[in-house]
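Q: Please read through the structure below; I'll follow up with questions.
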Number of protein chains: 2
Amino acid sequence: MSALPETAPHDAARSRAAEVAERLARALPPESVLLDREDLKPYECDGLSAYRATPLVAAIPADEAQVAAVLAVAREAKVPVVARGSGTGLSGGALPHPEGILLSLAKFNRIVEVDARARKARVQPGVTNLRISQHVAPLGLYYAPDPSSQIACSIGGNVAENSGGVHCLKYGLTVHNVMRVHAITIEGEAIDLGADALDAPGYDLLALVTGSEGLLAVTLEVTVKLLPKPELAQVVMASFPDVESAGEAVANVIGAGIIPAGLEMMDRLATRAVEDFVHAGYDLETEAILLCESDGTREEVAHETERMIEVMRASGATDIRCSASEAERLRFWSGRKAAFPAVGRISPDYYCIDGSIPRGALAAVLKRIEELSARYGLRCANVFHAGDGNLHPLILYDANMPGELEKTERFAADILELCIAVGGTITGEHGVGIEKINQMCVQFGAAELAQFHAIKAAFDPEGLLNPGKAIPLLARCAEYGAMRVKAGALPHPELPRF
Amino acid sequence: MSALPETAPHDAARSRAAEVAERLARALPPESVLLDREDLKPYECDGLSAYRATPLVAAIPADEAQVAAVLAVAREAKVPVVARGSGTGLSGGALPHPEGILLSLAKFNRIVEVDARARKARVQPGVTNLRISQHVAPLGLYYAPDPSSQIACSIGGNVAENSGGVHCLKYGLTVHNVMRVHAITIEGEAIDLGADALDAPGYDLLALVTGSEGLLAVTLEVTVKLLPKPELAQVVMASFPDVESAGEAVANVIGAGIIPAGLEMMDRLATRAVEDFVHAGYDLETEAILLCESDGTREEVAHETERMIEVMRASGATDIRCSASEAERLRFWSGRKAAFPAVGRISPDYYCIDGSIPRGALAAVLKRIEELSARYGLRCANVFHAGDGNLHPLILYDANMPGELEKTERFAADILELCIAVGGTITGEHGVGIEKINQMCVQFGAAELAQFHAIKAAFDPEGLLNPGKAIPLLARCAEYGAMRVKAGALPHPELPRF
């Protein structure tokens, strides 16, 4: 807020907000505390815009002391705190708490230090993912995880959600690419997790905090690993007569001992949407395409590409093309990278799902999604990080059609529970957030959930950090489970399970 | 014990032991409970034999229900439990508690399931590391982490200590090569951690339990990742005129963007000891050798080997040899693998240290170790996983010389604290155990230690699992710190810090 409101607050919530804001204003410069509804508008949702809430107040601290001060206010006033980076998350992890403080880390946007020899960079959480790679490009280095939102998403959010991307098949998720996290607990204690060396003694709190969706601590600095840019990268694009054979080809590539730098699948609905939009040169007559990247030295790429083509051919590819230049490689990828907005052009709304399955189940799961799509009468475009079994089905719907969003959510829940049924999980790289919290009850039993709550309590005994996200209360699961039991069986008993 | 002792116990401890044994005997077959001193003898230490203790009683359960029963006895009798695999650990993590139950997992020795297509194996914790690779070799697969003790060490212990090995530079530590852990908490709750897919929702308890040194839960089953055996592996062996230039060469190899399958360094004292023992064909006239392995397809290896040789030459290698056959490759490695026993032949006793440093500090740290060696008048052989900055200095001493063990321990503490001073850590792959517990006070501040204790309490509120290991009590740190303050400065003020 530019100033505290002059008129007396009209209700309890408003008075509460004013009280918290007043405390915050004592600790932070006045322009760093937002209270007016219109100022709060930009914070009311993240990338999962179906869920919205206005926070009590927003704080935009500029340094560690100010963050500590915000957390102290939260402790004293006993109000929740939701930390937020760029707000690009897709599971609602940064959805504000209507009775809490929204803690924006937008001002933490400095690249603090780059050590090219040790191949690491120390950055603040508000630095965007892509900026790191751009910043170190002159040194011949880059940061490997590359979520589709990398132009906008910030590294603090990447740590919170354990983000992935096209290159994670070969180079790992965020957790494999961070060395240290400097964070602050709800108690205001600064903690240093991880190490500049191979292994850190004590419990692996770095891995624990990575992917913890803002429930354990607030990240204030991240040391990321940098990799040398490969001499060359090349993409093999292969067409398949059906999604099942494309799925088999993925399993065969990996089975042959090849670890591609990226291995992505798109079905016909997705490629058609994309082609109209970006003209990537995709085969529109085929049911599925695979994009399979090789990177390394010139010789390595030549050899690996040859093997990839061999496997694709043996797996039934009807057409195979290989990028002949860097420009063509980028064009091949441009379609994949634009898949979400492209699908947005052919449908009023779409819902992006994120789940993981064992690669071997790919063909069977794709077939089942097709059946579900027919059953629900909702189109579904499939865009996958196929190599690591990370699915992103996009359900196309129209929010203005009564009941269609609810049907979409049921379809999405079925897909997630299908992932669990085949031995997979309800996340690949987007986290659980608010979106998948019910499916956590299907994914885990009471013993695991109880252990999660114990971990939460070990960091945040009063449950002030991002409450209601990621880890469901046992009561919520009882309710979700009870719903299922009341129906006599599973929510969609017509759906056979693996 | 074959039977409960017939005579009345002579003292309180004996009576306590008998009482716990009696409870155990009610839950387990009688031959699975050991009480007699001579039966307990084999359990009194692990690979860190300088520390010894006799447990109250040992239990050797055969299935999950029996483990649960042992833990129930521990809870009811409020006695500590120390789980033990093969007892090859080098930091005393499996040192028995004199008032507790030693829980041997020796009977958990089955390979439960191998899924070649999904490239994973489900094994019990007592299965040895090497047996997994041997078992899946006919399928063209192997398990990557390869501690030197791999012929004897068991996978449960590997998980407890987050073990490494020669190939961890390229293929990661244990934490990067396990997919799931089925464990049982001290409360007797079975918990399933991790997933068969890319990412698991919820807090990353799999990473948390890996490396937790038996303090959080008892591992009962591990799903490990299997990798396809590379078509070819080849070793480049290079001689350097001094350890510093060898250290520089390591940094240069990595700096060139090469990730060798293994990159090991041995100094003159180590190579000489080894050569007399196994005749690996090492250069004895040089100060340090590097062993640098490339694996992959024939073409990849040819190309990578060429680049490795180039970098070694540019870094001042005086002699470079390349294994011409698989037999020669194994011979080159045989020396490295036999380094510890070889050093055991040239000294009555030796003390193996495990620490990690940023690679860039390698040359400087080696120089400092040389100075310390002169100062303490104790020889030190250096055998390193150089590529990942994991040091294993071997201090040579004679336990029969009065005061020499104490001097050795001070020397070891200095090396560990040197690792911390250059931004590294006190472990690479051996864990903290009882051995390095004081150095944890140097590695971490009060905030991190308090957080570790909170995590411990979240799993094991009464502190019954492996107490006294890995995470020091704050009181212990105060004492260790106080000692340092009393001396007016650091324990060895003559040693400059980085």
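Naming scheme: A, B, ... for chains in displayed order of the structure tokens; residues 1 onward per chain; ligands 1 onward as shown.
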Please, which residues of stretch 300-335 of chain B, numbered as in this document, come out helix (DSSP H, G or I) from DSSP, as a VMD selection string?
A: chain B and resid 300 to 314 326 to 335
Q: Residues near stretch 273-287 of chain B, anyone? I mean within 9 Å using only C-alpha atoms, not counting same-chain ones fewer than 4 positions away, as a count of residues only.
A: 31
Q: Contacts of A:Pro228 at 9 Å or less, counting only C-alpha atoms, minus same-chain residues fewer than 3 places along, as a list in words?
A: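 Contacts, in chain order: Arg119, Leu139, Gly140, Leu141, Tyr142, Tyr143 and Glu231 of chain A; Gly255, Ala256 and Gly257 of chain B.
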Q: Measuring between only C-alpha atoms, which one of B:Pro461, B:Gly156, B:Gly202, B:Gly247 shows the shortest distance to B:Ser315?
A: B:Gly247
Q: From a backbone DSSP assignment, name each residue in stretch 124-247 of chain A labelled strand (DSSP E), as an MDAnalysis selection string.
A: chainID A and resid 141:142 178:184 190:194 218:225 227:228 232:240
Q: For the residues in the current selection, export C-alpha atoms as a PDB file, in the first residue's frame.
A:
```
ATOM      1  CA  LEU A 141      28.027 -22.762 -19.651  1.00  0.00           C
ATOM      2  CA  TYR A 142      24.300 -23.220 -19.020  1.00  0.00           C
ATOM      3  CA  VAL A 178      21.271 -27.452  -7.069  1.00  0.00           C
ATOM      4  CA  MET A 179      24.207 -27.598  -4.683  1.00  0.00           C
ATOM      5  CA  ARG A 180      23.115 -25.338  -1.873  1.00  0.00           C
ATOM      6  CA  VAL A 181      20.071 -23.519  -0.623  1.00  0.00           C
ATOM      7  CA  HIS A 182      20.201 -20.716   1.888  1.00  0.00           C
ATOM      8  CA  ALA A 183      16.787 -20.474   3.510  1.00  0.00           C
ATOM      9  CA  ILE A 184      15.014 -18.981   6.471  1.00  0.00           C
ATOM     10  CA  ALA A 190      18.792 -18.839   8.638  1.00  0.00           C
ATOM     11  CA  ILE A 191      19.827 -22.336   7.563  1.00  0.00           C
ATOM     12  CA  ASP A 192      22.412 -23.424   5.007  1.00  0.00           C
ATOM     13  CA  LEU A 193      21.605 -26.662   3.231  1.00  0.00           C
ATOM     14  CA  GLY A 194      23.843 -28.692   0.933  1.00  0.00           C
ATOM     15  CA  VAL A 218      11.620 -19.647   2.528  1.00  0.00           C
ATOM     16  CA  THR A 219      14.464 -19.937   0.011  1.00  0.00           C
ATOM     17  CA  LEU A 220      16.665 -16.834  -0.098  1.00  0.00           C
ATOM     18  CA  GLU A 221      19.608 -17.996  -2.181  1.00  0.00           C
ATOM     19  CA  VAL A 222      20.318 -20.949  -4.444  1.00  0.00           C
ATOM     20  CA  THR A 223      23.651 -22.273  -5.673  1.00  0.00           C
ATOM     21  CA  VAL A 224      23.058 -24.033  -8.972  1.00  0.00           C
ATOM     22  CA  LYS A 225      25.329 -26.313 -10.962  1.00  0.00           C
ATOM     23  CA  LEU A 227      27.141 -27.435 -17.273  1.00  0.00           C
ATOM     24  CA  PRO A 228      29.408 -26.853 -20.264  1.00  0.00           C
ATOM     25  CA  LEU A 232      26.486 -29.796 -30.900  1.00  0.00           C
ATOM     26  CA  ALA A 233      22.851 -30.786 -30.479  1.00  0.00           C
ATOM     27  CA  GLN A 234      20.703 -32.485 -33.085  1.00  0.00           C
ATOM     28  CA  VAL A 235      17.083 -33.617 -33.103  1.00  0.00           C
ATOM     29  CA  VAL A 236      15.643 -36.705 -34.716  1.00  0.00           C
ATOM     30  CA  MET A 237      11.936 -36.290 -35.514  1.00  0.00           C
ATOM     31  CA  ALA A 238      10.055 -39.514 -36.173  1.00  0.00           C
ATOM     32  CA  SER A 239       6.433 -40.168 -37.169  1.00  0.00           C
ATOM     33  CA  PHE A 240       4.437 -43.138 -35.888  1.00  0.00           C
TER      34      PHE A 240
END
```
Q: How many Å separate atom CA of B:Leu205 from atom CA of A:Gln451?
A: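 The value is 8.9 Å.
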Q: Neighbours of A:Lys41 within 10 Å (only C-alpha atoms; same-chain residues fewer than 2 positions away dropped), as a list in words?
A: Asp36, Arg37, Glu38, Asp39, Tyr43, Glu44, Cys45, Arg52, Ala53, Thr54 and Pro55 of chain A
Q: Between atom CA of A:Ala324 and atom CA of A:Glu264, what is the distance, to one decimal in Å?
A: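 For atom CA of A:Ala324 relative to atom CA of A:Glu264, the distance reads 18.8 Å.
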Q: Env of A:Pro61: 8 Å cut, atoms = only C-alpha atoms, seq-sep filter 4 positions within chain, self excluded. Answer as a list in words.
A: Leu28, Ser32, Gln66, Val67, Val70, Leu103, Ser104, Leu105 and Lys107 of chain A
Q: Check the smallest atom-to-atom distance from each of B:Ile415, B:Ile111, B:Leu226, B:Leu290 to chain A using only C-alpha atoms, then report the winner.
A: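 The answer is B:Leu226, which sits nearest to chain A.
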Q: Counting only C-alpha atoms, which of A:Cys380, A:Ala450, A:Leu56, A:Leu206 gets nearest to A:Asn177?
A: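 Comparing A:Cys380, A:Ala450, A:Leu56, A:Leu206 against A:Asn177, the winner is A:Leu206.
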Q: So that I can see what lies close to B:Leu391, please list as a list in words the residues with an atom at most 6 Å from it, counting only C-alpha atoms and leaving out residues fewer than 2 positions away in the same chain.
A: Asp354, Gly355, Ser356 and Phe384 of chain B
Q: May I have the residues within 12 Å of B:Gly87 as an MDAnalysis selection string, using only C-alpha atoms and disregarding those fewer than 5 positions away in the same chain?
A: chainID B and resid 42:49 82 92:96 102:106 126 128 149 152:158 160:161
Q: Rounded to one decimal, what separation in Å do you get between atom CA of B:Ala69 and atom CA of B:Val81?
A: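 Separation of atom CA of B:Ala69 and atom CA of B:Val81: 12.2 Å.
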Q: Of the candidates A:Glu306, A:Tyr350, A:Ile434, A:Thr271, which shows the shortest atom-to-atom distance to A:Tyr51, using only C-alpha atoms?
A: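 Counting only C-alpha atoms, the residue closest to A:Tyr51 is A:Ile434.
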Q: Rank A:Ala447, A:Glu113, A:Ile395, A:Lys337 by their smallest atom-to-atom distance to B:Gly188, using only C-alpha atoms, and report the top residue only.
A: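 Comparing A:Ala447, A:Glu113, A:Ile395, A:Lys337 against B:Gly188, the winner is A:Ala447.
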Q: Ranking B:Glu76, B:Asp414, B:Glu64, B:Glu304 by minimum distance to chain A and counting only C-alpha atoms, which one comes first?
A: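 Looking only at the distances to chain A, the closest residue turns out to be B:Glu304.
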